[in-house]
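Input: a single structure, listed below in structure tokens.
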Amino acid sequence: MVNDILAQAEERMKKVLASLGENFASVRTGRANAMVLDRIRVDYYGAPTPVNQLAGIKSPDAHMLVIEPWDKSSLKAIEHAIQESDLGVTPSNDGSVIRLPFPALTEERRRELVKQCKGYTEEARVAVRTARRDANAAVEKSVKQDSLPEDEQRRAEAEIQKLTDKYIAEVDEAFKKKEAEVMEI
């Protein structure tokens, strides 16, 4: 019973870490990365569709993305969605492809991106702590229902705390790496 609770808590904490990685991938650094387009949705025949499902995305060099739509009629819609997003990049449309030049980041923009990453990090910490709280509640419930011994409860809570500490440390480590990547010139 306790092992099931621990396994569920760890699974939730792993998902939090994976979600944090996805959030960090969407934050652009000085390099062109197709993953920054993952969150942009284009209104394609009335359905919000991700850019990567409407077009081929290439990176000819470190500071340029080229978006080549499979359906040329969606070119304007893709360009509009990129302009409306918070990417901070102005697309140029030549009639067949969209070019996204990624200029070098200013110091001020780097600091804004680090602040955005801090927000994602704090959300992840809160989610890990929520998983801990839910696991502790499940242990407490099992003490009442299944007459689990109290020393077993304390041991389980200590294990849950170890898991929480481990995943909070991993979240902090991921943030440090991303901060260094964003601040790198």
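Every chain in the structure tokens has a letter given in the order shown (A, B, ...), and although residue numbers restart at 1 in each chain, ligands are simply numbered from 1 in the order shown.
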
Which residues come within 7 Å of Val66 of chain A, counting only C-alpha atoms, excluding same-chain residues fewer than 3 positions away, as a PyMOL selection string? chain A and resi 57-59+97-100

If you take only C-alpha atoms and a cut-off of 8 Å, which residues of segment 73-120 of chain A touch segment 34-54 of chain A, and what are their nearest atom pairs and distances in Å to one decimal, in chain and number order, as a tab-separated table?
```
residue	atom	partner	partner_atom	distance
A:Ser74	CA	A:Tyr44	CA	7.1
A:Ala77	CA	A:Val42	CA	6.2
A:Ile78	CA	A:Val42	CA	5.8
A:Ala81	CA	A:Val42	CA	5.6
A:Ile82	CA	A:Ile40	CA	6.9
A:Ser85	CA	A:Ile40	CA	6.8
A:Leu87	CA	A:Val36	CA	7.7
```

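By only C-alpha atoms, and with residues fewer than 4 positions from Asp172 of chain A along its chain excluded, the set lying at most 9 Å from it is Thr121, Arg125, Tyr167, Ile168, Lys176 and Lys177 of chain A.
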
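Nearest residue to Glu112 of chain A, choosing from A:Leu148, A:Met13, A:Leu75, A:Val27 and counting only C-alpha atoms: A:Val27.
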
Between A:Gln161, A:Asn93, A:Thr29, A:Ser142, single out the one closest to Met183 of chain A, counting only C-alpha atoms. A:Thr29

Find the residues around Cys117 of chain A up to 12 Å (only C-alpha atoms counted), leave out those fewer than 5 positions away in its own chain, and share them as a PDB file with N, CA and C atoms, in the first residue's frame.
```
ATOM      1  N   LEU A  20       8.294  20.777 -16.996  1.00  0.00           N
ATOM      2  CA  LEU A  20       9.229  21.895 -16.848  1.00  0.00           C
ATOM      3  C   LEU A  20      10.189  21.926 -18.035  1.00  0.00           C
ATOM      4  N   GLY A  21      10.664  20.758 -18.441  1.00  0.00           N
ATOM      5  CA  GLY A  21      11.556  20.685 -19.604  1.00  0.00           C
ATOM      6  C   GLY A  21      10.884  21.224 -20.857  1.00  0.00           C
ATOM      7  N   GLU A  22       9.606  20.895 -21.048  1.00  0.00           N
ATOM      8  CA  GLU A  22       8.866  21.416 -22.204  1.00  0.00           C
ATOM      9  C   GLU A  22       8.716  22.929 -22.120  1.00  0.00           C
ATOM     10  N   ASN A  23       8.426  23.433 -20.921  1.00  0.00           N
ATOM     11  CA  ASN A  23       8.301  24.883 -20.750  1.00  0.00           C
ATOM     12  C   ASN A  23       9.626  25.577 -21.054  1.00  0.00           C
ATOM     13  N   PHE A  24      10.720  25.012 -20.557  1.00  0.00           N
ATOM     14  CA  PHE A  24      12.026  25.608 -20.805  1.00  0.00           C
ATOM     15  C   PHE A  24      12.377  25.572 -22.291  1.00  0.00           C
ATOM     16  N   ALA A  25      11.985  24.503 -22.977  1.00  0.00           N
ATOM     17  CA  ALA A  25      12.304  24.383 -24.404  1.00  0.00           C
ATOM     18  C   ALA A  25      11.603  25.472 -25.213  1.00  0.00           C
ATOM     19  N   SER A  26      10.462  25.936 -24.733  1.00  0.00           N
ATOM     20  CA  SER A  26       9.720  26.964 -25.464  1.00  0.00           C
ATOM     21  C   SER A  26      10.302  28.366 -25.248  1.00  0.00           C
ATOM     22  N   VAL A  27      11.211  28.513 -24.295  1.00  0.00           N
ATOM     23  CA  VAL A  27      11.852  29.807 -24.059  1.00  0.00           C
ATOM     24  C   VAL A  27      13.040  29.898 -25.001  1.00  0.00           C
ATOM     25  N   ARG A  28      13.022  30.929 -25.835  1.00  0.00           N
ATOM     26  CA  ARG A  28      14.084  30.995 -26.838  1.00  0.00           C
ATOM     27  C   ARG A  28      15.367  31.567 -26.247  1.00  0.00           C
ATOM     28  N   THR A  29      16.452  31.000 -26.660  1.00  0.00           N
ATOM     29  CA  THR A  29      17.757  31.533 -26.290  1.00  0.00           C
ATOM     30  C   THR A  29      18.282  32.260 -27.525  1.00  0.00           C
ATOM     31  N   ARG A 110      17.176  39.140 -22.070  1.00  0.00           N
ATOM     32  CA  ARG A 110      17.685  37.952 -21.381  1.00  0.00           C
ATOM     33  C   ARG A 110      17.143  37.892 -19.955  1.00  0.00           C
ATOM     34  N   ARG A 111      17.147  39.030 -19.290  1.00  0.00           N
ATOM     35  CA  ARG A 111      16.643  39.075 -17.909  1.00  0.00           C
ATOM     36  C   ARG A 111      15.141  38.749 -17.853  1.00  0.00           C
ATOM     37  N   GLU A 112      14.383  39.233 -18.857  1.00  0.00           N
ATOM     38  CA  GLU A 112      12.946  38.905 -18.917  1.00  0.00           C
ATOM     39  C   GLU A 112      12.757  37.400 -19.091  1.00  0.00           C
ATOM     40  N   GLU A 122       9.042  27.949 -10.321  1.00  0.00           N
ATOM     41  CA  GLU A 122       8.200  28.032  -9.120  1.00  0.00           C
ATOM     42  C   GLU A 122       6.941  27.182  -9.289  1.00  0.00           C
ATOM     43  N   GLU A 123       6.353  27.197 -10.489  1.00  0.00           N
ATOM     44  CA  GLU A 123       5.177  26.349 -10.748  1.00  0.00           C
ATOM     45  C   GLU A 123       5.531  24.878 -10.541  1.00  0.00           C
ATOM     46  N   ALA A 124       6.712  24.491 -10.991  1.00  0.00           N
ATOM     47  CA  ALA A 124       7.150  23.098 -10.854  1.00  0.00           C
ATOM     48  C   ALA A 124       7.343  22.740  -9.383  1.00  0.00           C
ATOM     49  N   VAL A 171      14.635  20.197 -10.095  1.00  0.00           N
ATOM     50  CA  VAL A 171      13.991  21.384 -10.680  1.00  0.00           C
ATOM     51  C   VAL A 171      14.958  22.568 -10.605  1.00  0.00           C
ATOM     52  N   ASP A 172      15.592  22.755  -9.439  1.00  0.00           N
ATOM     53  CA  ASP A 172      16.539  23.858  -9.274  1.00  0.00           C
ATOM     54  C   ASP A 172      17.732  23.714 -10.214  1.00  0.00           C
ATOM     55  N   ALA A 174      17.766  22.157 -13.128  1.00  0.00           N
ATOM     56  CA  ALA A 174      17.292  22.447 -14.490  1.00  0.00           C
ATOM     57  C   ALA A 174      17.210  23.954 -14.700  1.00  0.00           C
ATOM     58  N   PHE A 175      16.755  24.686 -13.678  1.00  0.00           N
ATOM     59  CA  PHE A 175      16.674  26.142 -13.788  1.00  0.00           C
ATOM     60  C   PHE A 175      18.066  26.754 -13.938  1.00  0.00           C
ATOM     61  N   LYS A 176      19.021  26.282 -13.147  1.00  0.00           N
ATOM     62  CA  LYS A 176      20.388  26.825 -13.240  1.00  0.00           C
ATOM     63  C   LYS A 176      20.952  26.642 -14.643  1.00  0.00           C
ATOM     64  N   LYS A 177      20.724  25.462 -15.219  1.00  0.00           N
ATOM     65  CA  LYS A 177      21.225  25.182 -16.578  1.00  0.00           C
ATOM     66  C   LYS A 177      20.564  26.119 -17.580  1.00  0.00           C
ATOM     67  N   LYS A 178      19.243  26.275 -17.473  1.00  0.00           N
ATOM     68  CA  LYS A 178      18.523  27.118 -18.426  1.00  0.00           C
ATOM     69  C   LYS A 178      18.932  28.574 -18.258  1.00  0.00           C
ATOM     70  N   GLU A 179      19.116  29.017 -17.020  1.00  0.00           N
ATOM     71  CA  GLU A 179      19.542  30.398 -16.774  1.00  0.00           C
ATOM     72  C   GLU A 179      20.897  30.647 -17.415  1.00  0.00           C
ATOM     73  N   ALA A 180      21.824  29.702 -17.243  1.00  0.00           N
ATOM     74  CA  ALA A 180      23.153  29.865 -17.854  1.00  0.00           C
ATOM     75  C   ALA A 180      23.050  29.907 -19.377  1.00  0.00           C
ATOM     76  N   GLU A 181      22.165  29.070 -19.931  1.00  0.00           N
ATOM     77  CA  GLU A 181      21.980  29.033 -21.385  1.00  0.00           C
ATOM     78  C   GLU A 181      21.403  30.356 -21.904  1.00  0.00           C
ATOM     79  N   VAL A 182      20.435  30.918 -21.187  1.00  0.00           N
ATOM     80  CA  VAL A 182      19.801  32.169 -21.605  1.00  0.00           C
ATOM     81  C   VAL A 182      20.774  33.330 -21.470  1.00  0.00           C
ATOM     82  N   MET A 183      21.544  33.361 -20.406  1.00  0.00           N
ATOM     83  CA  MET A 183      22.449  34.482 -20.163  1.00  0.00           C
ATOM     84  C   MET A 183      23.730  34.413 -20.987  1.00  0.00           C
TER      85      MET A 183
END
```

Could you tell me how far atom CA of Met64 of chain A lies from atom CA of Pro101 of chain A, in Å and to one decimal? 4.6 Å

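Using only C-alpha atoms for every distance, the candidate list A:Val128, A:Ala62, A:Ala32, A:Ile67 yields A:Val128 as the residue closest to Ala18 of chain A.
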
Return the single residue from A:Gln83, A:Arg31, A:Asp94, A:Val114 that is closest to Leu65 of chain A, with distances computed using only C-alpha atoms. A:Arg31

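Reported to one decimal place, the separation of atom CA of Pro60 of chain A from atom CA of Glu107 of chain A is 25.4 Å.
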
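Of note, atom CA of Pro69 of chain A and atom CA of Leu105 of chain A are spaced 27.2 Å apart.
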
Write down as a PyMOL selection string the residues belonging to segment 70-120 of chain A that are assigned helix (DSSP H, G or I) by DSSP computed on the backbone. chain A and resi 72-84+107-120

Write down as a PyMOL selection string the residues belonging to chain A that are assigned strand (DSSP E or B) by DSSP computed on the backbone. chain A and resi 41-44+47-50+55-61+64-69+92-93+98-101
